[in-house]
Amino acid sequence: MLDTIIKNGRIADGTGNPWYYGDIGIQGGKIAMVGTVEQEAAHVIDARRLVVAPGFIDGHCHSDLMILNYPQCDIKLSQGVTTEVVGNCGLAPAPCLEPYGKQLQEYVQPILGGTREWSWRTIGQYIDALAKRRPSENVSTYVAHGALRIAVMGFADRPASGRELDRMKALLEEGLQAGAIGLSIGLLYAPGSYAAKEEIAALCSVLPKYGGLFSTHVRGEGNRLVESVKEVIWIARHAGVPLHISHLKAAGRRNWGKAEAAMELISDARSQGMDVTCDVYPYNASSTMLTTLLPPWALEGGLKKMLLRLRDPSIREKVKAELAEEREDWDNLVCSTGWDKVFIASVRTESNRPVEGKHIAEISEMRGVHPAECAMDLLLEEDAQISIVYFLMSEGDVKQVVTWSHSLIASDSLHCDTGKPHPRLYGSFPRVFAKYVREERALTLEQAVRKMTSFPAQRFKLGRRGLVVPGYAADLVVFDPEAIQDHATYRDPKQAPSGIGHVLVNGTLTMREGVHTNAKGGVFVPARRCCTH
């Protein structure tokens, strides 16, 4: 007897091929058979008039700490997501080593969320902490360059010494041996922004031994987008590693249209034999830390030193002046986009709760100060624990990247217990089906499914996941293609989607008719280093 049969569904199997009618038999957490299944089962799900697809894989998110706090993972499961990939943009909670451990914790929490525990030092120990929490979904991770650099040299704005680079290589290798996908770097964020391309290429030299992937948030997504894409292609070519570019976008009105040039660079690299891909989220606003808008030098030494600088009137004037002009040495998106496009998503204190959901220009007018002064004041008031939503892309560019064959779908979601998080946290995957498949017909159903399933599973070496094939993990989602819809908005983001009925994780029914069953069938998924799994 089988554990579960899903009957009469329209199977979109993840390959991108046309859907077909069939049944799926599940046994021992795996897909046992596909087609006409006539055996008996302990549980039967009738999928008549519904689509059955592999569980969606969120290949770029920042749920590293929130999974520990909320192991039910209902926000993502309600979207059909069965696997999350964390450790992105060079930001991760491990390794967390003295004497810089506290600096790491303070720095990453506005992105990764707070946590009631911080019991690990190494990446392997962080993975063990995940396993102890028994999450309801699967998790995989990168080794994050920012965490490596902080562990070894804090927020020092200088090249790594040979000894420091060797130490980072050893920590990277330790993470890869624990099952990490590869190395993620955030070249826009301190301390990743302090590293030259040669230093990063030297660090990437560890990856080929483990078949590791080099994933990067490029150094500039606005005026320097093209140069920044060229830089990471150079690094990947020099190190001989596959490259994945995070959330490809053209930021700032003056740069709208440059997404096509970036895509052409990727296509050219592929034509020369390089393995280069990207991911994208289906919104025209980004989300990050308010500290990201400051000149990179302002964060040298960590958040405490940054906050001390912001108390110095002369330094405040310097920051204000730099934010008012286009820069060649760093991406000043405030100048090209405007303070009225920077919305406060979450703050730490109750006293500032009223500013959540308001843009900096509006808050500065309320306070009677210059917007740059207002931003610096808020950072001081909140100990820099502020996340933002930033409207800086064109819908045309977003659509172009979403529909491109070399892009996969990811949420890039940030968690926050309070405030107004970016709606991509609650709506990314249903939004693709509602907007780009059903409404605009820019993608077929099968193309959209592939971008969320077999493509990321292949890219991140997640083994036998992402396809409806016998022997593969029974990570499955059952949804109504005519009813699937995101409801999260910028003003009211904490809204679950509709149209997704059942979600199975490793064969365990985890969402039944849109309601969490309290099952905890998720596992840590290590990268599979070879073709036989």
# chains A, B, ... in the order shown; residues from 1 in each chain; ligands from 1

$ residues_around --residues "Thr291 in chain A" --least-positions-apart "6" --cutoff "9 Å" --atoms "only C-alpha atoms" --output "ChimeraX atom specification"
/A:298-299,303,379,384-387

$ closest_atom_pairs --of "range 284-366 of chain A" --to "range 206-221 of chain A" --cutoff "12 Å" --atoms "only C-alpha atoms" --output "Markdown table"
| residue | atom | partner | partner_atom | distance |
| --- | --- | --- | --- | --- |
| A:Ser286 | CA | A:Glu221 | CA | 11.1 |
| A:Thr292 | CA | A:Gly220 | CA | 11.8 |
| A:Pro296 | CA | A:Arg219 | CA | 11.2 |
| A:Arg327 | CA | A:Gly220 | CA | 11.0 |
| A:Glu328 | CA | A:Gly220 | CA | 10.2 |
| A:Asp329 | CA | A:Gly220 | CA | 9.7 |
| A:Trp330 | CA | A:Gly220 | CA | 7.1 |
| A:Asp331 | CA | A:Gly220 | CA | 5.5 |
| A:Asn332 | CA | A:Gly220 | CA | 9.0 |
| A:Leu333 | CA | A:Glu221 | CA | 8.7 |
| A:Ser336 | CA | A:Glu221 | CA | 11.6 |

$ residues_around --residues "Met511 in chain A" --least-positions-apart "3" --cutoff "10 Å" --atoms "only C-alpha atoms" --output "number ranges by chain"
A: 74, 77-78, 80, 136, 477-478, 500-505, 508, 514-519

$ residues_around --residues "Gly357 in chain A" --least-positions-apart "2" --cutoff "6 Å" --atoms "only C-alpha atoms" --output "number ranges by chain"
A: 343-345

$ residues_around --residues "Glu362 in chain A" --least-positions-apart "6" --cutoff "12 Å" --atoms "only C-alpha atoms" --output "list in words"
Gly338, Trp339, Asp340, Lys341, Val342, Phe343, Ile344, Pro354, Val355, Glu356, Gly368, Val369, His370, Pro371, Cys374 and Ala375 of chain A

$ residues_around --residues "Gly507 in chain A" --least-positions-apart "6" --cutoff "9 Å" --atoms "only C-alpha atoms" --output "PDB file with C-alpha atoms, in the first residue's frame"
ATOM      1  CA  ASP A   3       1.317   6.277   1.641  1.00  0.00           C
ATOM      2  CA  THR A   4      -0.457   8.827  -0.567  1.00  0.00           C
ATOM      3  CA  ILE A  26       4.072   8.452  -2.905  1.00  0.00           C
ATOM      4  CA  GLN A  27       5.903   6.019  -0.635  1.00  0.00           C
ATOM      5  CA  GLY A  28       8.536   6.656   2.044  1.00  0.00           C
ATOM      6  CA  GLY A  29       8.862  10.362   1.271  1.00  0.00           C
ATOM      7  CA  LYS A  30       9.571   9.807  -2.420  1.00  0.00           C
ATOM      8  CA  ILE A  31       7.598   9.700  -5.630  1.00  0.00           C
ATOM      9  CA  ALA A 473      11.640  13.602  -3.227  1.00  0.00           C
ATOM     10  CA  ALA A 474       7.872  14.012  -2.889  1.00  0.00           C
ATOM     11  CA  ASP A 475       7.997  17.793  -2.533  1.00  0.00           C
ATOM     12  CA  LEU A 476       4.746  18.708  -4.290  1.00  0.00           C
ATOM     13  CA  GLY A 521       8.913  17.016   7.456  1.00  0.00           C
TER      14      GLY A 521
END

$ select_by_dssp --residues "range 31-88 of chain A" --states "helix (DSSP H, G or I)" --output "MDAnalysis selection string"
chainID A and resid 66:69 74:77 88

$ closest_residue --among "A:Thr15, A:Thr115, A:Ser351, A:Ser413" --to "Ser63 in chain A" --atoms "only C-alpha atoms"
A:Ser413

$ residues_around --residues "Trp120 in chain A" --least-positions-apart "6" --cutoff "9 Å" --atoms "only C-alpha atoms" --output "list in words"
Pro93, Ala94, Pro95, Cys96, Tyr126, Ile127, Asp128 and Ala129 of chain A

$ atom_distance --atom1 "CA of Ala195 in chain A" --atom2 "CA of His145 in chain A"
9.9 Å

$ atom_distance --atom1 "CA of Pro18 in chain A" --atom2 "CA of Ala483 in chain A"
19.9 Å

$ closest_residue --among "A:Pro493, A:Gly419, A:Pro430, A:Gly124" --to "Pro481 in chain A" --atoms "only C-alpha atoms"
A:Pro430

$ closest_residue --among "A:Pro99, A:Tyr189, A:Ala410, A:Leu307" --to "Val86 in chain A" --atoms "only C-alpha atoms"
A:Ala410
